$ cat work_20.cif   # mmCIF, C-alpha atoms
data_final
loop_
_atom_site.label_atom_id
_atom_site.label_comp_id
_atom_site.auth_asym_id
_atom_site.auth_seq_id
_atom_site.Cartn_x
_atom_site.Cartn_y
_atom_site.Cartn_z
CA MET A 15 -10.59 12.10 -2.75
CA ILE A 16 -9.74 15.56 -1.46
CA SER A 17 -12.60 17.98 -2.05
CA LEU A 18 -12.28 21.35 -3.72
CA ALA A 19 -13.97 22.90 -0.68
CA ALA A 20 -11.12 21.65 1.52
CA ILE A 21 -8.56 23.18 -0.84
CA GLU A 22 -10.35 26.53 -0.86
CA LEU A 23 -10.61 26.42 2.94
CA LEU A 24 -6.85 25.83 3.35
CA VAL A 25 -6.03 28.67 0.94
CA ALA A 26 -8.34 31.03 2.83
CA THR A 27 -6.76 30.02 6.16
CA VAL A 28 -3.22 30.69 4.95
CA GLU A 29 -4.14 33.95 3.20
CA THR A 30 -5.99 35.36 6.22
CA GLY A 31 -3.58 33.96 8.81
CA SER A 32 -6.17 32.49 11.20
CA PHE A 33 -9.11 30.12 11.44
CA SER A 34 -11.44 32.89 12.62
CA ARG A 35 -10.69 35.25 9.73
CA ALA A 36 -10.96 32.39 7.23
CA ALA A 37 -14.30 31.47 8.77
CA ARG A 38 -15.59 35.03 8.32
CA ARG A 39 -14.50 35.01 4.69
CA LEU A 40 -16.18 31.69 4.00
CA GLY A 41 -19.27 32.24 6.17
CA VAL A 42 -18.70 29.31 8.53
CA THR A 43 -17.61 28.90 12.14
CA PRO A 44 -13.94 28.90 13.22
CA SER A 45 -14.37 25.44 14.74
CA ALA A 46 -15.62 24.13 11.39
CA VAL A 47 -12.53 25.51 9.66
CA SER A 48 -10.21 23.98 12.26
CA ARG A 49 -11.90 20.58 12.07
CA ARG A 50 -11.79 20.54 8.27
CA VAL A 51 -8.07 21.41 8.20
CA MET A 52 -7.35 18.62 10.71
CA ARG A 53 -9.35 16.18 8.56
CA LEU A 54 -7.39 17.28 5.48
CA GLU A 55 -4.11 16.63 7.34
CA ARG A 56 -5.31 13.14 8.31
CA GLU A 57 -6.29 12.41 4.71
CA LEU A 58 -2.85 13.50 3.47
CA GLY A 59 -0.94 11.91 6.35
CA VAL A 60 1.15 15.04 6.97
CA ALA A 61 0.94 18.19 9.09
CA LEU A 62 0.15 21.21 6.94
CA LEU A 63 0.08 23.93 9.61
CA SER A 64 2.24 24.59 12.62
CA ARG A 65 -0.09 25.99 15.28
CA THR A 66 0.76 28.28 18.19
CA THR A 67 -1.50 30.29 20.46
CA ARG A 68 -0.81 33.40 18.38
CA SER A 69 -0.23 32.28 14.81
CA LEU A 70 -0.51 29.63 12.11
CA ARG A 71 2.48 28.80 9.92
CA LEU A 72 2.84 26.39 7.02
CA THR A 73 5.13 23.40 7.48
CA ASP A 74 7.49 22.43 4.65
CA ASP A 75 4.96 19.84 3.43
CA GLY A 76 2.22 22.40 3.87
CA GLN A 77 4.09 24.98 1.79
CA ALA A 78 4.47 22.57 -1.13
CA PHE A 79 0.82 21.51 -0.95
CA TYR A 80 -0.40 25.08 -0.54
CA ALA A 81 1.44 26.22 -3.69
CA ARG A 82 -0.45 23.62 -5.71
CA CYS A 83 -3.73 24.55 -4.02
CA VAL A 84 -3.31 28.20 -4.96
CA ARG A 85 -2.79 27.17 -8.56
CA ILE A 86 -5.98 25.09 -8.51
CA VAL A 87 -8.03 27.90 -7.00
CA GLU A 88 -6.64 30.40 -9.53
CA GLU A 89 -7.51 28.19 -12.48
CA LEU A 90 -10.98 27.48 -11.09
CA GLY A 91 -11.55 31.21 -10.71
CA GLU A 92 -10.40 31.89 -14.26
CA ALA A 93 -12.59 29.10 -15.65
CA THR A 94 -15.60 30.29 -13.67
CA GLU A 95 -15.06 33.87 -14.78
CA ALA A 96 -14.71 32.85 -18.40
CA ILE A 97 -17.95 30.85 -18.32
CA ALA A 98 -19.84 33.50 -16.38
CA ARG A 99 -18.82 36.23 -18.81
CA ALA A 100 -19.29 33.98 -21.85
CA SER A 101 -16.20 35.69 -23.19
CA THR A 102 -13.00 34.67 -24.92
CA LYS A 103 -11.09 37.62 -23.51
CA PRO A 104 -7.62 36.42 -22.36
CA VAL A 105 -7.12 37.07 -18.65
CA GLY A 106 -5.03 35.80 -15.74
CA LEU A 107 -1.51 34.60 -14.99
CA LEU A 108 0.37 32.71 -17.72
CA ARG A 109 3.39 30.63 -16.65
CA VAL A 110 5.86 30.05 -19.50
CA ASP A 111 9.18 28.15 -19.51
CA ALA A 112 11.75 28.51 -22.31
CA PRO A 113 15.43 27.78 -23.04
CA VAL A 114 17.74 30.48 -21.73
CA THR A 115 19.07 31.87 -24.99
CA LEU A 116 15.80 31.59 -26.90
CA GLY A 117 13.90 33.26 -24.09
CA ARG A 118 16.46 36.02 -23.62
CA GLU A 119 17.03 36.84 -27.29
CA VAL A 120 13.63 36.23 -28.89
CA ILE A 121 10.73 35.85 -26.45
CA ALA A 122 11.57 38.46 -23.80
CA PRO A 123 11.96 41.37 -26.28
CA GLY A 124 8.44 40.66 -27.57
CA LEU A 125 6.71 40.64 -24.18
CA PRO A 126 5.99 44.41 -24.07
CA ARG A 127 4.14 44.13 -27.40
CA PHE A 128 2.16 41.15 -26.10
CA SER A 129 1.26 43.06 -22.94
CA ALA A 130 0.09 46.05 -24.95
CA ARG A 131 -2.18 43.76 -26.95
CA TYR A 132 -3.44 41.72 -23.98
CA PRO A 133 -3.15 43.90 -20.86
CA ASP A 134 -5.18 41.49 -18.68
CA VAL A 135 -2.65 38.66 -19.10
CA ARG A 136 0.33 38.58 -16.72
CA VAL A 137 3.31 36.51 -17.90
CA HIS A 138 5.76 34.73 -15.60
CA LEU A 139 8.71 33.64 -17.79
CA THR A 140 11.30 31.21 -16.45
CA LEU A 141 14.45 30.44 -18.46
CA ARG A 142 16.28 27.11 -18.14
CA ASP A 143 17.66 24.44 -20.44
CA GLN A 144 16.85 21.25 -18.52
CA HIS A 145 13.86 18.93 -18.86
CA VAL A 146 10.73 20.25 -17.12
CA ASP A 147 7.45 18.55 -16.22
CA PRO A 148 4.87 21.29 -16.88
CA VAL A 149 2.10 19.54 -14.94
CA ALA A 150 4.21 18.98 -11.83
CA GLU A 151 5.47 22.58 -11.89
CA GLY A 152 2.14 24.21 -12.67
CA LEU A 153 3.28 25.60 -16.03
CA ASP A 154 0.89 26.57 -18.80
CA LEU A 155 3.35 26.44 -21.68
CA LEU A 156 6.83 25.26 -22.65
CA VAL A 157 8.88 26.50 -25.61
CA ARG A 158 11.55 24.06 -26.75
CA ILE A 159 14.12 23.66 -29.54
CA GLY A 160 14.84 20.21 -30.98
CA GLN A 161 13.17 16.99 -31.96
CA LEU A 162 10.21 15.90 -29.87
CA GLY A 163 9.71 12.68 -27.96
CA ASP A 164 6.41 10.97 -27.29
CA SER A 165 4.28 12.15 -24.36
CA SER A 166 0.82 13.46 -23.57
CA LEU A 167 1.78 17.06 -24.28
CA VAL A 168 0.23 18.90 -27.21
CA ALA A 169 2.74 20.52 -29.56
CA ARG A 170 2.46 23.34 -32.07
CA ARG A 171 5.33 24.04 -34.40
CA LEU A 172 6.36 27.69 -34.24
CA GLY A 173 9.26 27.66 -36.65
CA ALA A 174 12.83 26.45 -37.01
CA SER A 175 16.34 27.71 -36.42
CA ARG A 176 19.35 26.89 -38.57
CA ILE A 177 22.94 26.61 -37.38
CA VAL A 178 25.16 29.24 -39.01
CA HIS A 179 28.96 29.54 -38.91
CA CYS A 180 30.44 32.99 -38.61
CA ALA A 181 33.46 34.98 -37.49
CA ALA A 182 34.51 38.59 -36.98
CA PRO A 183 35.90 40.55 -39.94
CA SER A 184 39.11 41.02 -37.92
CA TYR A 185 39.59 37.25 -37.64
CA LEU A 186 38.91 36.68 -41.34
CA ALA A 187 41.32 39.45 -42.31
CA ARG A 188 44.00 37.76 -40.21
CA ARG A 189 43.38 34.09 -41.01
CA GLY A 190 41.21 34.00 -44.11
CA ALA A 191 37.87 32.23 -44.53
CA PRO A 192 37.45 28.43 -44.67
CA LYS A 193 36.20 27.15 -48.03
CA ALA A 194 34.99 23.75 -46.82
CA PRO A 195 34.33 22.05 -43.44
CA ALA A 196 37.69 20.23 -43.69
CA ASP A 197 39.44 23.64 -43.61
CA LEU A 198 38.34 24.10 -39.98
CA ALA A 199 41.31 21.96 -38.96
CA HIS A 200 43.49 24.98 -39.77
CA HIS A 201 41.34 27.55 -37.94
CA ASP A 202 40.62 28.64 -34.40
CA CYS A 203 37.06 27.76 -33.44
CA VAL A 204 35.00 28.83 -30.44
CA GLY A 205 33.03 25.78 -29.35
CA TYR A 206 30.25 24.94 -26.93
CA LEU A 207 31.57 22.96 -23.96
CA ARG A 208 29.69 19.77 -23.15
CA ASP A 209 31.02 17.39 -20.49
CA GLY A 210 34.32 19.27 -20.50
CA ARG A 211 34.91 19.02 -24.27
CA PRO A 212 33.89 21.32 -27.13
CA ASP A 213 31.13 19.99 -29.36
CA PRO A 214 32.24 19.28 -32.94
CA PHE A 215 30.78 21.43 -35.71
CA ARG A 216 28.08 19.38 -37.41
CA PHE A 217 27.26 19.40 -41.12
CA LEU A 218 24.97 17.46 -43.44
CA THR A 219 26.55 15.68 -46.37
CA GLY A 220 25.41 14.00 -49.57
CA ASP A 221 21.88 14.12 -50.93
CA GLY A 222 20.34 12.93 -47.67
CA ASP A 223 20.83 13.83 -44.06
CA ALA A 224 24.09 12.01 -43.35
CA VAL A 225 25.90 13.80 -40.54
CA LEU A 226 29.53 14.89 -40.61
CA ASP A 227 31.02 15.89 -37.26
CA VAL A 228 34.15 18.01 -37.59
CA PRO A 229 36.37 18.20 -34.48
CA ILE A 230 37.43 21.72 -33.59
CA SER A 231 40.15 23.39 -31.55
CA GLY A 232 40.86 26.92 -30.44
CA PRO A 233 42.03 29.04 -27.50
CA PHE A 234 38.58 29.56 -25.98
CA HIS A 235 35.48 27.45 -25.40
CA ALA A 236 32.48 28.01 -23.10
CA ASN A 237 29.12 26.54 -22.12
CA ASP A 238 27.18 29.79 -22.57
CA ALA A 239 25.96 31.00 -25.96
CA ASP A 240 26.27 34.69 -25.13
CA VAL A 241 29.91 34.19 -24.12
CA LEU A 242 30.62 32.34 -27.37
CA LYS A 243 29.11 35.16 -29.42
CA ARG A 244 31.12 37.79 -27.57
CA LEU A 245 34.33 35.83 -28.10
CA ALA A 246 33.61 35.48 -31.80
CA ILE A 247 32.86 39.21 -32.16
CA ALA A 248 36.18 39.92 -30.42
CA GLY A 249 37.97 37.98 -33.18
CA SER A 250 38.78 34.80 -31.22
CA GLY A 251 37.63 32.40 -33.91
CA ILE A 252 34.79 30.81 -35.86
CA VAL A 253 31.57 30.01 -34.02
CA ALA A 254 28.56 27.81 -34.83
CA MET A 255 25.31 29.22 -33.43
CA PHE A 256 21.55 29.32 -33.91
CA ASP A 257 20.66 31.98 -36.47
CA PHE A 258 18.45 33.92 -34.06
CA LEU A 259 21.42 34.45 -31.73
CA VAL A 260 23.65 36.10 -34.33
CA LYS A 261 21.03 37.83 -36.50
CA ASP A 262 21.75 41.28 -35.08
CA ALA A 263 25.54 40.83 -35.19
CA LEU A 264 25.34 39.76 -38.83
CA ALA A 265 23.14 42.74 -39.67
CA GLU A 266 25.57 45.10 -37.91
CA GLY A 267 28.60 43.52 -39.62
CA THR A 268 30.33 42.57 -36.37
CA LEU A 269 30.08 38.96 -37.56
CA VAL A 270 30.26 37.57 -41.10
CA THR A 271 28.99 34.17 -42.24
CA VAL A 272 31.41 31.54 -43.51
CA LEU A 273 30.92 28.12 -45.10
CA GLU A 274 27.60 29.25 -46.59
CA GLY A 275 27.76 26.47 -49.16
CA ALA A 276 27.83 23.77 -46.48
CA ARG A 277 24.52 22.34 -45.32
CA THR A 278 23.83 22.60 -41.59
CA MET A 279 21.27 21.29 -39.14
CA SER A 280 17.84 22.90 -38.78
CA TRP A 281 16.17 22.63 -35.37
CA PRO A 282 12.38 22.85 -34.99
CA ILE A 283 10.90 25.15 -32.36
CA HIS A 284 7.65 24.10 -30.66
CA ALA A 285 5.19 25.35 -28.09
CA LEU A 286 4.21 22.51 -25.77
CA TYR A 287 1.39 22.41 -23.26
CA PRO A 288 -0.73 19.90 -21.32
CA LYS A 289 -3.92 18.81 -23.04
CA ASN A 290 -6.92 21.10 -22.47
CA ARG A 291 -4.62 24.10 -21.79
CA HIS A 292 -5.44 25.32 -25.31
CA LEU A 293 -8.99 25.87 -24.06
CA LEU A 294 -7.69 28.80 -22.01
CA PRO A 295 -7.73 32.01 -24.09
CA LYS A 296 -4.50 33.24 -22.47
CA VAL A 297 -2.64 30.18 -23.79
CA ARG A 298 -4.12 30.39 -27.27
CA VAL A 299 -3.24 34.04 -27.79
CA PHE A 300 0.30 33.62 -26.45
CA VAL A 301 0.98 30.66 -28.76
CA ASP A 302 -0.36 32.69 -31.69
CA PHE A 303 1.90 35.57 -30.65
CA LEU A 304 4.92 33.28 -30.53
CA ALA A 305 4.08 32.06 -34.03
CA GLU A 306 4.17 35.69 -35.19
CA ILE A 307 7.57 36.22 -33.57
CA PHE A 308 9.12 33.19 -35.25
CA ALA A 309 7.40 33.62 -38.63
CA PRO A 310 10.03 36.01 -40.10
CA SER A 311 12.75 33.39 -39.56
CA GLY A 312 10.97 30.87 -41.73
CA ALA A 313 8.45 29.35 -39.36
CA ARG A 314 5.66 27.36 -40.90
CA ARG A 315 2.49 27.37 -38.86
CA GLY A 316 1.29 23.86 -38.27
CA GLY A 317 -1.51 22.10 -36.50
CA GLU A 318 -1.51 20.70 -33.02
CA ARG A 319 -0.44 17.17 -32.27
CA ARG A 320 0.12 15.13 -29.18
CA ARG A 321 3.85 14.98 -28.55
CA GLY A 322 6.39 15.70 -25.86
CA ALA A 323 9.38 17.76 -24.91
CA PRO A 324 12.81 17.17 -26.44
CA ARG A 325 15.59 15.78 -24.32
CA GLY A 326 17.26 18.40 -22.18
#

$ encode --input "work_20.cif" --output "structure tokens"
Amino acid sequence: MISLAAIELLVATVETGSFSRAARRLGVTPSAVSRRVMRLERELGVALLSRTTRSLRLTDDGQAFYARCVRIVEELGEATEAIARASTKPVGLLRVDAPVTLGREVIAPGLPRFSARYPDVRVHLTLRDQHVDPVAEGLDLLVRIGQLGDSSLVARRLGASRIVHCAAPSYLARRGAPKAPADLAHHDCVGYLRDGRPDPFRFLTGDGDAVLDVPISGPFHANDADVLKRLAIAGSGIVAMFDFLVKDALAEGTLVTVLEGARTMSWPIHALYPKNRHLLPKVRVFVDFLAEIFAPSGARRGGERRRGAPRG
């Protein structure tokens, strides 16, 4: 078992750049620091530091291990500070990961308001659409769209987003508006490319949730939501998108909804985090803030439950 003292000693050595300066910071002798680092390397079975007569430098293995150590020391410091101050004041660095379009269009615009409310919380926001292991990557919080799988992550429902179909007024003036999903066969559609082919437009039929996939065709398709929206606004065809992506364009009149009588899919939006992360005030207040952001679009605040991230 690697001790916390060894982790703190390695962090001090890297931050100060030498055994002697780390020793002065920690109040021990340089030889004690050197011996403890060597023992840590033996315990791990890898070299962490490349030593020369003039400098210390992290090896590749050392860099990866050091990054995790810094995270541990930061969290220990935050926990110690919170207990010592007996306060629930949110402080520290918050690492958040979200889908690209959701983060760009919804979360990022709200960050200045969050910062004004909680100035002692620093947010690092990464945007990507692939599966992420928050524990392995040192993340505090994930935001994801879609159905959840089973895992040890805690989930809080923030809201939901519905798929809407829309087109530019110029396109509708030229080609008319479809009255039913079957009419899409006679229209140009701008589809999301997946594995080299555009996704069909998906509808719900009947009294239940039976799915109808309608194949589409058109002159342009892309694998980026912003590109699809721009093409639709330019009059290239009908697009199917999450409502939060086209809300502004619909309000401005650059896009107009079609097929409003057809039922479409609704996708839940969740905040996901490792268990016990909710004990950190910075996580709690950010999740509450996200719930405020999504509330106007029909979010229903729900309780926490142990679930996992959706595929992708």

$ closest_atom_pairs --input "work_20.cif" --of "range 21-131 of chain A" --to "range 236-248 of chain A" --cutoff "12 Å" --atoms "all atoms listed in the file" --output "JSON lines"
{"residue": "A:Pro113", "atom": "CA", "partner": "A:Ala239", "partner_atom": "CA", "distance": 11.4}
{"residue": "A:Val114", "atom": "CA", "partner": "A:Ala239", "partner_atom": "CA", "distance": 9.3}
{"residue": "A:Thr115", "atom": "CA", "partner": "A:Ala239", "partner_atom": "CA", "distance": 7.0}
{"residue": "A:Leu116", "atom": "CA", "partner": "A:Ala239", "partner_atom": "CA", "distance": 10.2}
{"residue": "A:Arg118", "atom": "CA", "partner": "A:Asp240", "partner_atom": "CA", "distance": 10.0}
{"residue": "A:Glu119", "atom": "CA", "partner": "A:Asp240", "partner_atom": "CA", "distance": 9.7}

$ closest_residue --input "work_20.cif" --among "A:Ala309, A:Leu207, A:Pro282, A:Val25" --to "Leu162 in chain A" --atoms "only C-alpha atoms"
A:Pro282

$ resolve_selection --input "work_20.cif" --expression "the PyMOL selection byres ((chain A and resi 258) around 9)" --output "mmCIF file with C-alpha atoms, in the coordinates of the input"
data_model
loop_
_atom_site.group_PDB
_atom_site.id
_atom_site.type_symbol
_atom_site.label_atom_id
_atom_site.label_comp_id
_atom_site.auth_asym_id
_atom_site.auth_seq_id
_atom_site.Cartn_x
_atom_site.Cartn_y
_atom_site.Cartn_z
ATOM 1 C CA LEU A 116 15.800 31.590 -26.900
ATOM 2 C CA GLU A 119 17.030 36.840 -27.290
ATOM 3 C CA VAL A 120 13.630 36.230 -28.890
ATOM 4 C CA SER A 175 16.340 27.710 -36.420
ATOM 5 C CA ARG A 176 19.350 26.890 -38.570
ATOM 6 C CA MET A 255 25.310 29.220 -33.430
ATOM 7 C CA PHE A 256 21.550 29.320 -33.910
ATOM 8 C CA ASP A 257 20.660 31.980 -36.470
ATOM 9 C CA LEU A 259 21.420 34.450 -31.730
ATOM 10 C CA VAL A 260 23.650 36.100 -34.330
ATOM 11 C CA LYS A 261 21.030 37.830 -36.500
ATOM 12 C CA ASP A 262 21.750 41.280 -35.080
ATOM 13 C CA SER A 311 12.750 33.390 -39.560
#

$ resolve_selection --input "work_20.cif" --expression "the PyMOL selection byres ((chain A and resi 106) around 7)" --output "list in words"
Glu92, Val105, Leu107, Leu108, Asp134, Val135 and Arg136 of chain A

$ residues_near_point --input "work_20.cif" --point "(28.4, 20.3, -34.9)" --cutoff "8 Å" --atoms "only C-alpha atoms" --output "PyMOL selection string"
chain A and resi 213-217+226-228+254

$ resolve_selection --input "work_20.cif" --expression "the PyMOL selection byres ((chain A and resi 63) around 9)" --output "count of residues only"
14

$ residues_around --input "work_20.cif" --residues "Ser34 in chain A" --least-positions-apart "5" --cutoff "12 Å" --atoms "all atoms listed in the file" --output "number ranges by chain"
A: 23, 26-29, 39-48, 69-70

$ write_last_selection --input "work_20.cif" --atoms "C-alpha atoms" --output "mmCIF file, in the frame of the given file"
data_model
loop_
_atom_site.group_PDB
_atom_site.id
_atom_site.type_symbol
_atom_site.label_atom_id
_atom_site.label_comp_id
_atom_site.auth_asym_id
_atom_site.auth_seq_id
_atom_site.Cartn_x
_atom_site.Cartn_y
_atom_site.Cartn_z
ATOM 1 C CA LEU A 23 -10.610 26.420 2.940
ATOM 2 C CA ALA A 26 -8.340 31.030 2.830
ATOM 3 C CA THR A 27 -6.760 30.020 6.160
ATOM 4 C CA VAL A 28 -3.220 30.690 4.950
ATOM 5 C CA GLU A 29 -4.140 33.950 3.200
ATOM 6 C CA ARG A 39 -14.500 35.010 4.690
ATOM 7 C CA LEU A 40 -16.180 31.690 4.000
ATOM 8 C CA GLY A 41 -19.270 32.240 6.170
ATOM 9 C CA VAL A 42 -18.700 29.310 8.530
ATOM 10 C CA THR A 43 -17.610 28.900 12.140
ATOM 11 C CA PRO A 44 -13.940 28.900 13.220
ATOM 12 C CA SER A 45 -14.370 25.440 14.740
ATOM 13 C CA ALA A 46 -15.620 24.130 11.390
ATOM 14 C CA VAL A 47 -12.530 25.510 9.660
ATOM 15 C CA SER A 48 -10.210 23.980 12.260
ATOM 16 C CA SER A 69 -0.230 32.280 14.810
ATOM 17 C CA LEU A 70 -0.510 29.630 12.110
#

$ closest_residue --input "work_20.cif" --among "A:Ala19, A:Leu198, A:Val110, A:Leu264" --to "Leu156 in chain A" --atoms "only C-alpha atoms"
A:Val110

$ residues_near_point --input "work_20.cif" --point "(8.8, 22.8, -27.2)" --cutoff "9 Å" --atoms "only C-alpha atoms" --output "list in words"
Ala112, Leu155, Leu156, Val157, Arg158, Ile159, Gly160, Gln161, Leu162, Ala169, Arg170, Arg171, Leu172, Pro282, Ile283, His284, Ala285, Leu286, Tyr287, Gly322, Ala323 and Pro324 of chain A

$ atom_distance --input "work_20.cif" --atom1 "CA of His201 in chain A" --atom2 "CA of Ala174 in chain A"
28.5 Å

$ atom_distance --input "work_20.cif" --atom1 "CA of Tyr132 in chain A" --atom2 "CA of Pro104 in chain A"
6.9 Å

$ closest_residue --input "work_20.cif" --among "A:Glu57, A:Asp111, A:Glu274, A:Glu266" --to "Ala191 in chain A" --atoms "only C-alpha atoms"
A:Glu274

$ atom_distance --input "work_20.cif" --atom1 "CA of Ala181 in chain A" --atom2 "CA of Leu273 in chain A"
10.6 Å

$ closest_residue --input "work_20.cif" --among "A:Arg68, A:Cys180, A:Ile252, A:Asp221" --to "Cys203 in chain A" --atoms "all atoms listed in the file"
A:Ile252

$ residues_around --input "work_20.cif" --residues "Pro183 in chain A" --least-positions-apart "4" --cutoff "9 Å" --atoms "all atoms listed in the file" --output "ChimeraX atom specification"
/A:187-188,247,249,267-270

$ closest_residue --input "work_20.cif" --among "A:Asp202, A:Asp197, A:Asp223, A:Glu88" --to "Glu22 in chain A" --atoms "all atoms listed in the file"
A:Glu88

$ axis_aligned_box --input "work_20.cif" --around "range 35-49 of chain A" --padding-each-side "5 Å" --output "JSON"
{"center_x": -14.7, "center_y": 27.9, "center_z": 9.4, "size_x": 19.1, "size_y": 24.7, "size_z": 20.7}
